[in-house]
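Coordinates as given in protein03.txt (compact mmCIF, C-alpha atoms and all ligand atoms):
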# COMPACT_ATOMS: atom_id res chain seq x y z
CA MET M 1 0.00 0.00 0.00
CA ILE M 2 1.22 3.50 -0.82
CA ASP M 3 0.44 4.92 2.60
CA LEU M 4 -0.30 8.62 2.24
CA ARG M 5 -2.68 8.81 5.18
CA SER M 6 -0.30 10.77 7.41
CA ASP M 7 3.35 11.54 8.08
CA THR M 8 2.88 9.74 11.40
CA VAL M 9 3.02 6.31 9.71
CA THR M 10 6.80 6.34 9.14
CA GLN M 11 8.99 3.44 10.25
CA PRO M 12 12.38 4.19 11.84
CA THR M 13 15.04 3.77 9.14
CA PRO M 14 17.84 1.19 9.59
CA GLU M 15 20.24 4.08 10.35
CA MET M 16 17.88 5.46 13.01
CA ARG M 17 17.54 2.00 14.53
CA ALA M 18 21.34 1.76 14.62
CA ALA M 19 21.51 5.09 16.50
CA ILE M 20 18.86 3.80 18.93
CA ALA M 21 20.82 0.56 19.47
CA VAL M 22 23.97 2.35 20.68
CA ALA M 23 22.26 5.10 22.71
CA VAL M 24 23.85 5.88 26.07
CA VAL M 25 21.01 6.02 28.60
CA GLY M 26 20.31 6.85 32.24
CA ASP M 27 17.41 7.68 34.53
CA GLU M 28 15.65 10.50 32.71
CA GLN M 29 13.50 11.48 35.71
CA LYS M 30 16.71 12.20 37.60
CA ARG M 31 18.06 14.14 34.59
CA GLU M 32 20.76 11.50 34.25
CA ASP M 33 20.07 10.38 30.70
CA PRO M 34 22.83 11.92 28.55
CA THR M 35 21.00 11.33 25.28
CA VAL M 36 17.84 13.08 26.52
CA LEU M 37 19.99 15.95 27.82
CA GLU M 38 21.71 16.23 24.44
CA LEU M 39 18.37 16.30 22.61
CA GLU M 40 17.01 18.95 24.98
CA GLU M 41 20.14 21.07 24.56
CA ARG M 42 19.92 20.90 20.77
CA GLY M 43 16.17 21.47 20.86
CA ALA M 44 16.49 24.71 22.81
CA GLY M 45 18.90 26.21 20.26
CA LEU M 46 16.93 24.86 17.33
CA LEU M 47 13.67 26.40 18.55
CA GLY M 48 15.16 29.78 19.56
CA GLN M 49 14.44 29.31 23.28
CA GLU M 50 16.42 29.05 26.53
CA GLU M 51 15.45 25.51 27.38
CA ALA M 52 13.63 22.52 25.91
CA ILE M 53 12.15 19.43 27.53
CA PHE M 54 11.64 16.01 26.00
CA LEU M 55 8.09 14.64 26.13
CA PRO M 56 6.36 11.54 24.77
CA THR M 57 3.91 13.38 22.49
CA ALA M 58 3.12 16.74 20.94
CA THR M 59 -0.34 16.60 22.51
CA MET M 60 1.27 16.52 25.94
CA ALA M 61 3.61 19.36 24.95
CA ASN M 62 0.70 21.55 23.83
CA GLN M 63 -1.36 20.81 26.92
CA ILE M 64 1.51 21.47 29.32
CA ALA M 65 2.27 24.74 27.49
CA LEU M 66 -1.33 25.89 27.99
CA ARG M 67 -1.43 24.81 31.61
CA ILE M 68 1.76 26.57 32.71
CA GLN M 69 0.71 29.91 31.23
CA THR M 70 -2.89 30.14 32.37
CA GLU M 71 -5.25 29.89 35.35
CA PRO M 72 -8.56 28.00 35.33
CA GLY M 73 -11.25 30.26 33.85
CA ASP M 74 -8.82 31.99 31.49
CA GLU M 75 -9.55 32.10 27.78
CA LEU M 76 -7.57 30.53 24.92
CA LEU M 77 -7.75 31.93 21.38
CA ALA M 78 -6.85 29.61 18.52
CA GLU M 79 -7.88 28.94 14.94
CA GLU M 80 -11.24 27.17 15.01
CA ASN M 81 -9.96 23.90 13.48
CA SER M 82 -6.59 23.88 15.19
CA HIS M 83 -5.31 20.65 16.72
CA VAL M 84 -5.41 22.00 20.30
CA LEU M 85 -9.10 22.80 19.92
CA ILE M 86 -10.46 19.86 17.95
CA ALA M 87 -8.06 16.94 18.31
CA GLU M 88 -6.82 16.89 21.89
CA VAL M 89 -10.01 15.57 23.53
CA GLY M 90 -10.96 18.89 25.08
CA GLY M 91 -7.59 19.04 26.86
CA PRO M 92 -7.62 22.82 27.35
CA ALA M 93 -10.83 22.48 29.40
CA PHE M 94 -9.87 19.22 31.09
CA HIS M 95 -6.27 19.95 32.08
CA SER M 96 -6.31 23.72 32.47
CA GLY M 97 -9.94 24.75 32.95
CA LEU M 98 -9.76 27.05 29.94
CA VAL M 99 -12.57 28.66 28.03
CA THR M 100 -11.77 28.27 24.35
CA ARG M 101 -12.59 30.60 21.50
CA GLY M 102 -12.10 29.40 17.92
CA LEU M 103 -11.20 32.06 15.40
CA PRO M 104 -12.23 31.58 11.76
CA ALA M 105 -9.25 31.87 9.46
CA ARG M 106 -7.94 31.57 5.92
CA ALA M 107 -5.29 28.88 5.36
CA GLY M 108 -5.11 28.38 9.12
CA ARG M 109 -4.00 31.97 9.73
CA PHE M 110 -6.04 34.47 11.75
CA THR M 111 -5.11 38.15 11.85
CA VAL M 112 -3.91 40.51 14.55
CA ASP M 113 -7.15 42.47 14.11
CA GLN M 114 -9.13 39.33 14.95
CA VAL M 115 -7.06 38.90 18.09
CA ARG M 116 -7.49 42.56 19.06
CA ALA M 117 -11.26 42.25 18.53
CA ALA M 118 -11.52 39.00 20.51
CA VAL M 119 -9.56 40.02 23.59
CA ARG M 120 -11.85 40.85 26.50
CA GLU M 121 -11.22 43.89 28.62
CA ARG M 122 -9.88 42.98 32.01
CA THR M 123 -11.87 45.69 33.77
CA SER M 124 -15.02 43.61 34.19
CA PRO M 125 -15.31 41.15 37.10
CA HIS M 126 -17.60 39.01 34.91
CA TRP M 127 -15.52 38.16 31.88
CA PRO M 128 -12.94 35.43 31.55
CA ARG M 129 -9.44 36.78 31.16
CA THR M 130 -8.22 36.24 27.59
CA ARG M 131 -4.77 34.97 28.40
CA ILE M 132 -3.17 32.91 25.66
CA VAL M 133 -3.10 32.63 21.86
CA SER M 134 -2.07 29.45 20.06
CA VAL M 135 -0.74 29.37 16.49
CA GLU M 136 -0.38 26.17 14.46
CA ASN M 137 2.46 26.17 11.91
CA THR M 138 2.25 24.33 9.62
CA HIS M 139 -1.50 24.19 9.95
CA ASN M 140 -2.79 20.65 9.70
CA SER M 141 -6.49 20.94 8.85
CA SER M 142 -5.99 23.58 6.17
CA GLY M 143 -3.54 21.23 4.41
CA GLY M 144 -0.09 21.93 5.84
CA ARG M 145 -0.25 25.69 5.27
CA VAL M 146 2.55 27.97 6.44
CA TRP M 147 2.50 31.19 8.47
CA PRO M 148 4.78 33.84 6.89
CA LEU M 149 7.37 35.19 9.34
CA ASP M 150 6.16 38.81 9.15
CA GLU M 151 2.63 37.77 10.23
CA ILE M 152 4.09 35.86 13.17
CA GLN M 153 6.19 38.86 14.19
CA ARG M 154 3.19 41.20 14.03
CA LEU M 155 1.13 38.80 16.12
CA SER M 156 3.93 38.45 18.65
CA ASP M 157 4.20 42.24 19.01
CA VAL M 158 0.44 42.59 19.49
CA CYS M 159 0.31 39.78 22.05
CA ARG M 160 3.06 41.45 24.06
CA VAL M 161 1.17 44.76 24.08
CA LEU M 162 -2.08 43.00 25.07
CA ASP M 163 -0.34 40.91 27.76
CA LEU M 164 -1.24 37.63 26.06
CA ALA M 165 1.00 34.58 26.12
CA LEU M 166 1.73 33.16 22.66
CA HIS M 167 2.16 29.43 22.04
CA LEU M 168 3.31 27.76 18.84
CA ASP M 169 1.98 24.32 18.04
CA GLY M 170 4.91 23.66 15.75
CA ALA M 171 4.29 19.93 15.50
CA ARG M 172 5.39 20.43 11.88
CA LEU M 173 7.54 23.52 12.43
CA MET M 174 10.46 21.98 10.53
CA ASN M 175 8.24 21.68 7.44
CA ALA M 176 7.42 25.38 7.76
CA ALA M 177 11.09 26.27 8.16
CA VAL M 178 12.21 24.20 5.18
CA ALA M 179 9.36 25.52 3.00
CA THR M 180 10.11 29.18 3.75
CA GLY M 181 13.89 29.02 4.17
CA VAL M 182 13.50 30.74 7.57
CA SER M 183 15.30 28.99 10.43
CA PRO M 184 13.12 27.37 13.08
CA ALA M 185 14.88 29.47 15.73
CA GLU M 186 13.92 32.68 13.94
CA ILE M 187 10.30 31.53 13.91
CA GLY M 188 10.34 30.02 17.41
CA ARG M 189 11.79 32.99 19.25
CA ASN M 190 8.63 35.01 18.61
CA PHE M 191 6.71 32.71 20.97
CA ASP M 192 6.66 32.10 24.71
CA THR M 193 6.45 28.34 24.21
CA VAL M 194 7.05 26.10 21.20
CA THR M 195 6.00 22.48 20.55
CA LEU M 196 7.94 20.39 18.03
CA CYS M 197 6.84 16.84 17.18
CA LEU M 198 9.57 14.31 16.39
CA SER M 199 7.29 11.56 15.13
CA LYS M 200 5.79 13.23 12.07
CA GLY M 201 7.98 14.33 9.14
CA LEU M 202 11.10 13.84 11.25
CA GLY M 203 10.37 10.11 11.29
CA CYS M 204 10.97 9.15 14.95
CA PRO M 205 8.88 6.41 16.54
CA LEU M 206 7.71 8.87 19.21
CA GLY M 207 8.66 12.01 21.07
CA ALA M 208 8.23 15.76 21.11
CA LEU M 209 9.96 18.83 22.49
CA LEU M 210 8.48 21.75 24.38
CA ALA M 211 10.69 24.85 24.55
CA GLY M 212 10.52 28.16 26.39
CA SER M 213 12.25 30.25 29.05
CA HIS M 214 14.03 28.58 31.99
CA GLU M 215 11.25 29.86 34.22
CA LEU M 216 8.47 28.33 32.13
CA MET M 217 10.35 25.08 31.57
CA ALA M 218 10.81 24.64 35.33
CA LYS M 219 7.01 24.65 35.58
CA ALA M 220 6.77 22.43 32.51
CA ARG M 221 9.05 19.82 34.12
CA ARG M 222 6.76 19.60 37.16
CA ASN M 223 3.77 19.21 34.82
CA LYS M 224 5.60 16.58 32.79
CA HIS M 225 5.72 14.54 35.97
CA LEU M 226 2.10 15.36 36.81
CA PHE M 227 0.98 14.21 33.35
CA GLY M 228 2.90 10.95 33.80
CA GLY M 229 5.41 11.90 31.13
CA ALA M 230 8.59 11.78 33.21
CA MET M 231 10.38 8.69 31.93
CA ARG M 232 13.37 6.49 32.80
CA GLN M 233 15.83 5.27 30.12
CA ALA M 234 14.21 7.52 27.54
CA GLY M 235 17.51 8.01 25.70
CA ILE M 236 16.47 4.95 23.70
CA VAL M 237 13.93 7.14 21.90
CA ALA M 238 15.73 10.48 22.33
CA ALA M 239 18.55 8.94 20.24
CA ALA M 240 16.08 8.78 17.35
CA GLY M 241 15.38 12.49 17.90
CA VAL M 242 19.06 13.42 17.85
CA TYR M 243 19.49 11.36 14.69
CA ALA M 244 16.43 12.96 13.07
CA LEU M 245 17.57 16.51 13.79
CA GLU M 246 20.85 15.70 12.05
CA HIS M 247 19.59 13.69 9.12
CA HIS M 248 15.87 14.20 8.54
CA VAL M 249 15.41 17.96 8.38
CA ASP M 250 16.82 18.97 4.99
CA ARG M 251 15.17 15.97 3.36
CA LEU M 252 11.72 17.43 4.18
CA ALA M 253 12.23 19.40 0.94
CA ASP M 254 11.92 16.05 -0.90
CA ASP M 255 8.56 15.40 0.80
CA HIS M 256 7.40 18.85 -0.29
CA ALA M 257 8.57 18.29 -3.89
CA ARG M 258 6.77 14.93 -3.95
CA ALA M 259 3.55 16.50 -2.63
CA ARG M 260 3.78 19.10 -5.40
CA ARG M 261 4.39 16.45 -8.07
CA LEU M 262 1.41 14.46 -6.74
CA ALA M 263 -0.80 17.54 -6.71
CA GLU M 264 0.17 18.49 -10.26
CA GLY M 265 -0.33 14.93 -11.50
CA LEU M 266 -3.78 14.68 -9.93
CA HIS M 267 -4.73 18.12 -11.18
CA GLU M 268 -3.68 17.19 -14.73
CA ALA M 269 -5.76 14.03 -14.43
CA GLY M 270 -8.81 16.20 -13.76
CA LEU M 271 -9.08 15.82 -10.02
CA PRO M 272 -10.17 18.77 -7.88
CA VAL M 273 -6.84 19.73 -6.30
CA ASP M 274 -6.08 23.38 -5.59
CA LEU M 275 -2.37 23.71 -6.40
CA GLU M 276 -2.08 26.97 -4.48
CA GLN M 277 -2.86 25.13 -1.26
CA VAL M 278 0.14 22.85 -1.59
CA GLU M 279 2.88 24.54 0.42
CA THR M 280 4.45 21.61 2.28
CA ASN M 281 3.77 17.85 2.43
CA PHE M 282 -0.05 17.79 2.22
CA VAL M 283 -2.29 17.49 -0.84
CA GLN M 284 -6.03 18.05 -0.34
CA LEU M 285 -8.62 16.50 -2.60
CA ASP M 286 -12.05 18.11 -2.64
CA LEU M 287 -14.63 15.37 -3.17
CA ALA M 288 -17.49 17.86 -3.31
CA GLN M 289 -16.84 18.21 -7.02
CA LEU M 290 -16.97 14.44 -7.60
CA ASP M 291 -20.16 12.60 -6.80
CA LEU M 292 -18.53 10.52 -4.08
CA ASP M 293 -18.77 10.38 -0.34
CA ARG M 294 -15.70 10.11 1.80
CA ALA M 295 -16.02 6.53 3.01
CA GLU M 296 -16.66 5.26 -0.52
CA ALA M 297 -13.68 7.22 -1.87
CA VAL M 298 -11.35 5.87 0.84
CA ARG M 299 -12.57 2.32 0.17
CA ARG M 300 -11.99 2.58 -3.59
CA LEU M 301 -8.56 4.10 -3.05
CA ALA M 302 -7.60 1.27 -0.69
CA GLU M 303 -8.66 -1.25 -3.38
CA GLU M 304 -6.20 0.45 -5.73
CA GLY M 305 -3.48 0.21 -3.07
CA VAL M 306 -3.41 3.86 -1.96
CA GLY M 307 -4.12 5.14 1.55
CA LEU M 308 -5.58 8.64 1.90
CA SER M 309 -7.29 9.94 5.02
CA ALA M 310 -10.23 12.06 6.06
CA THR M 311 -9.90 15.63 7.30
CA VAL M 312 -12.08 17.80 9.52
CA HIS M 313 -13.82 18.96 6.33
CA ALA M 314 -16.53 16.41 5.47
CA ARG M 315 -15.73 16.13 1.73
CA VAL M 316 -11.98 16.73 1.78
CA LEU M 317 -9.44 13.90 1.73
CA ARG M 318 -5.73 14.38 2.18
CA ALA M 319 -2.55 12.74 0.98
CA VAL M 320 0.54 13.36 3.11
CA THR M 321 4.08 12.64 1.92
CA HIS M 322 6.81 11.44 4.28
CA LEU M 323 10.10 9.59 4.38
CA GLY M 324 8.50 6.26 3.54
CA ILE M 325 7.28 7.58 0.17
CA THR M 326 9.49 7.45 -2.93
CA ASP M 327 9.29 9.19 -6.32
CA ASP M 328 8.12 5.89 -7.76
CA ASP M 329 5.28 5.70 -5.18
CA ILE M 330 4.17 9.16 -6.28
CA GLU M 331 4.12 8.19 -9.95
CA ARG M 332 2.06 5.12 -9.11
CA ALA M 333 -0.29 7.19 -6.96
CA VAL M 334 -0.75 9.68 -9.81
CA GLU M 335 -2.04 6.75 -11.91
CA ALA M 336 -3.98 4.93 -9.20
CA ILE M 337 -5.89 7.78 -7.52
CA PRO M 338 -7.74 9.03 -10.63
CA ARG M 339 -8.46 5.41 -11.59
CA ALA M 340 -9.90 4.70 -8.12
CA LEU M 341 -12.05 7.80 -8.18
CA GLY M 342 -13.30 7.15 -11.71
CA VAL M 343 -11.68 10.21 -13.23
CA ARG M 344 -10.14 10.39 -16.69
CA ALA M 345 -7.99 13.31 -17.82
CA GLY M 346 -10.05 16.46 -17.53
CA VAL M 347 -13.35 14.66 -16.92
CA ALA M 348 -14.85 14.08 -13.48
CA ALA M 349 -16.97 10.90 -13.66
C1 LIG O 401 -0.72 20.24 14.42
C2 LIG O 401 -0.61 19.10 15.38
N1 LIG O 401 -0.33 19.35 16.66
C3 LIG O 401 -0.22 18.37 17.56
C4 LIG O 401 -0.36 17.06 17.18
C5 LIG O 401 -0.28 15.99 18.25
O1 LIG O 401 0.70 15.04 18.01
P1 LIG O 401 0.63 13.64 18.79
O2 LIG O 401 -0.52 12.90 18.20
O3 LIG O 401 1.94 13.01 18.46
O4 LIG O 401 0.46 13.91 20.21
C6 LIG O 401 -0.66 16.75 15.86
C7 LIG O 401 -0.84 15.32 15.44
O5 LIG O 401 -1.35 15.03 14.39
C8 LIG O 401 -0.78 17.80 14.92
O6 LIG O 401 -1.08 17.56 13.64
Take the structure in the file and write it out as structure tokens.
Ligand SMILES: Cc1ncc(COP(=O)(O)O)c(C=O)c1O
Amino acid sequence: MIDLRSDTVTQPTPEMRAAIAVAVVGDEQKREDPTVLELEERGAGLLGQEEAIFLPTATMANQIALRIQTEPGDELLAEENSHVLIAEVGGPAFHSGLVTRGLPARAGRFTVDQVRAAVRERTSPHWPRTRIVSVENTHNSSGGRVWPLDEIQRLSDVCRVLDLALHLDGARLMNAAVATGVSPAEIGRNFDTVTLCLSKGLGCPLGALLAGSHELMAKARRNKHLFGGAMRQAGIVAAAGVYALEHHVDRLADDHARARRLAEGLHEAGLPVDLEQVETNFVQLDLAQLDLDRAEAVRRLAEEGVGLSATVHARVLRAVTHLGITDDDIERAVEAIPRALGVRAGVAA
């Protein structure tokens, strides 16, 4: 199967497994695991922050970031389909007692004017205190879209003036950095806290980093324990992270080129793919223009040996490229997807 469902389906490469096999480990909870310490050290510099902590998942990183910068009853602003709002099981309410406010956006990006308009005055004893803004870059549900650096900088300036904390869900930050040619540190330093996921395009079996100031990371380490995320010989998996930061970042450009080739091939075959939306490793397919529902489309694709997955949008499917996908897979997918969906060049059946 050409598995384009997500960049989370990657297998560790033989070289990554070799790095895991020779990892020097210790008791991570006691901060005695040298490989975890090395990954955290590198992560801080990479993300433009004072300190980084190693966590099992990006969900945990996001939720800890929200919890350490808010009080119960505070309000979180985020794009209405962002992962923290719709895919973390109500975590902001459950873990931090937050009121959430989803902002409508284009390509996953809301504006500083929307933030200014949404922030509640702190003069009233009745209103929740708008306290934190979360940005997702790249933005998953809009199809891996990228925030330009100047928009991030403007938002960061406005948040500082309005006394709002600013979190980056940069699960796919390295895709954004590679796509724009802006370093992750230059992007990351505009935020109070930054999440980076190691198990998506970077190809690790698991793991994430949360970065911020020493002060915030001291709180984050306590919460890591509280959430049950303080581990023991975690260098076994941190070794994969160190390996990925060295060997799997620049190659994300190949995933992006393959997504573009796939999008162009499908578009030429007459499928409803908006080429402008393809900025990183996602290709979105709008089934609304074909007379097909989602489940039927996924079933037919699977019969042709291609895995695509559903999105938050009822008629939109996505294909996601990653390090398990070759140029040859893409050429085969360009043939198989239109065949599965009953589309011939230029004609939607
Ligand atoms: C934008 C974004 N943030 C956070 C996460 C959470 O990652 P995990 O499932 O590894 O906790 C995901 C996972 O898909 C994601 O796409």
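Residues with any atom within 12 Å of M:Ala218, counting only C-alpha atoms and excluding same-chain neighbours fewer than 3 positions away, are Glu50, Glu51, Ala52, Ile53, Ile64, Ala65, Ile68, Leu210, Ala211, Gly212, Ser213, His214, Glu215, Arg221, Arg222, Asn223, Lys224 and His225 of chain M.
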Can you spit out the residues from that selection as a compact mmCIF listing (two decimals), in the coordinates of the input, using C-alpha atoms?
# COMPACT_ATOMS: atom_id res chain seq x y z
CA GLU M 50 16.42 29.05 26.53
CA GLU M 51 15.45 25.51 27.38
CA ALA M 52 13.63 22.52 25.91
CA ILE M 53 12.15 19.43 27.53
CA ILE M 64 1.51 21.47 29.32
CA ALA M 65 2.27 24.74 27.49
CA ILE M 68 1.76 26.57 32.71
CA LEU M 210 8.48 21.75 24.38
CA ALA M 211 10.69 24.85 24.55
CA GLY M 212 10.52 28.16 26.39
CA SER M 213 12.25 30.25 29.05
CA HIS M 214 14.03 28.58 31.99
CA GLU M 215 11.25 29.86 34.22
CA ARG M 221 9.05 19.82 34.12
CA ARG M 222 6.76 19.60 37.16
CA ASN M 223 3.77 19.21 34.82
CA LYS M 224 5.60 16.58 32.79
CA HIS M 225 5.72 14.54 35.97
Item to check | Residue with smallest distance to M:Val316 - pool M:Met16, M:Met60, M:Leu55, M:Val298, counting all atoms listed in the file | outcome: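 Using all atoms listed in the file, the shortest distance to M:Val316 belongs to M:Val298.
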For ligand LIG 401 (chain O), collect every residue having any atom at a distance of at most 9 Å from a ligand atom (counting all atoms listed in the file); output as a CSV table (one decimal) with C-alpha atoms, keeping the file's coordinate frame.
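And here's pocket_15.csv as it stands now:
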chain,number,residue,atom,x,y,z
M,6,SER,CA,-0.3,10.8,7.4
M,7,ASP,CA,3.4,11.5,8.1
M,8,THR,CA,2.9,9.7,11.4
M,56,PRO,CA,6.4,11.5,24.8
M,57,THR,CA,3.9,13.4,22.5
M,58,ALA,CA,3.1,16.7,20.9
M,59,THR,CA,-0.3,16.6,22.5
M,60,MET,CA,1.3,16.5,25.9
M,61,ALA,CA,3.6,19.4,25.0
M,62,ASN,CA,0.7,21.6,23.8
M,82,SER,CA,-6.6,23.9,15.2
M,83,HIS,CA,-5.3,20.6,16.7
M,84,VAL,CA,-5.4,22.0,20.3
M,87,ALA,CA,-8.1,16.9,18.3
M,88,GLU,CA,-6.8,16.9,21.9
M,136,GLU,CA,-0.4,26.2,14.5
M,137,ASN,CA,2.5,26.2,11.9
M,138,THR,CA,2.2,24.3,9.6
M,139,HIS,CA,-1.5,24.2,10.0
M,140,ASN,CA,-2.8,20.6,9.7
M,141,SER,CA,-6.5,20.9,8.8
M,144,GLY,CA,-0.1,21.9,5.8
M,169,ASP,CA,2.0,24.3,18.0
M,170,GLY,CA,4.9,23.7,15.8
M,171,ALA,CA,4.3,19.9,15.5
M,172,ARG,CA,5.4,20.4,11.9
M,195,THR,CA,6.0,22.5,20.6
M,196,LEU,CA,7.9,20.4,18.0
M,197,CYS,CA,6.8,16.8,17.2
M,198,LEU,CA,9.6,14.3,16.4
M,199,SER,CA,7.3,11.6,15.1
M,200,LYS,CA,5.8,13.2,12.1
M,206,LEU,CA,7.7,8.9,19.2
M,207,GLY,CA,8.7,12.0,21.1
M,208,ALA,CA,8.2,15.8,21.1
Checklist entry - Using all atoms listed in the file, which residues sit within 12 Å of stretch 115-132 of chain M once same-chain residues fewer than 5 positions away are excluded, as a PyMOL selection string? => result chain M and resi 65-79+92+96-105+109-110+154-168+191-193
Checklist entry - Hey, which of M:Pro338, M:Gly265, M:Gly228, M:Pro205 ends up closest to M:Leu301? Count all atoms listed in the file. => result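 Checking each of M:Pro338, M:Gly265, M:Gly228, M:Pro205 against M:Leu301, counting all atoms listed in the file, the winner is M:Pro338.
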Checklist outcome for this item: re atom CA of M:Cys204 and atom CA of M:Ala185: distance 20.7 Å
Checklist entry - Skipping near chain neighbours, those fewer than 3 positions away, what residues fall within 9 Å of M:Arg251 using all atoms listed in the file, listed as a ChimeraX atom specification? => result /M:178,247-248,254-255,323
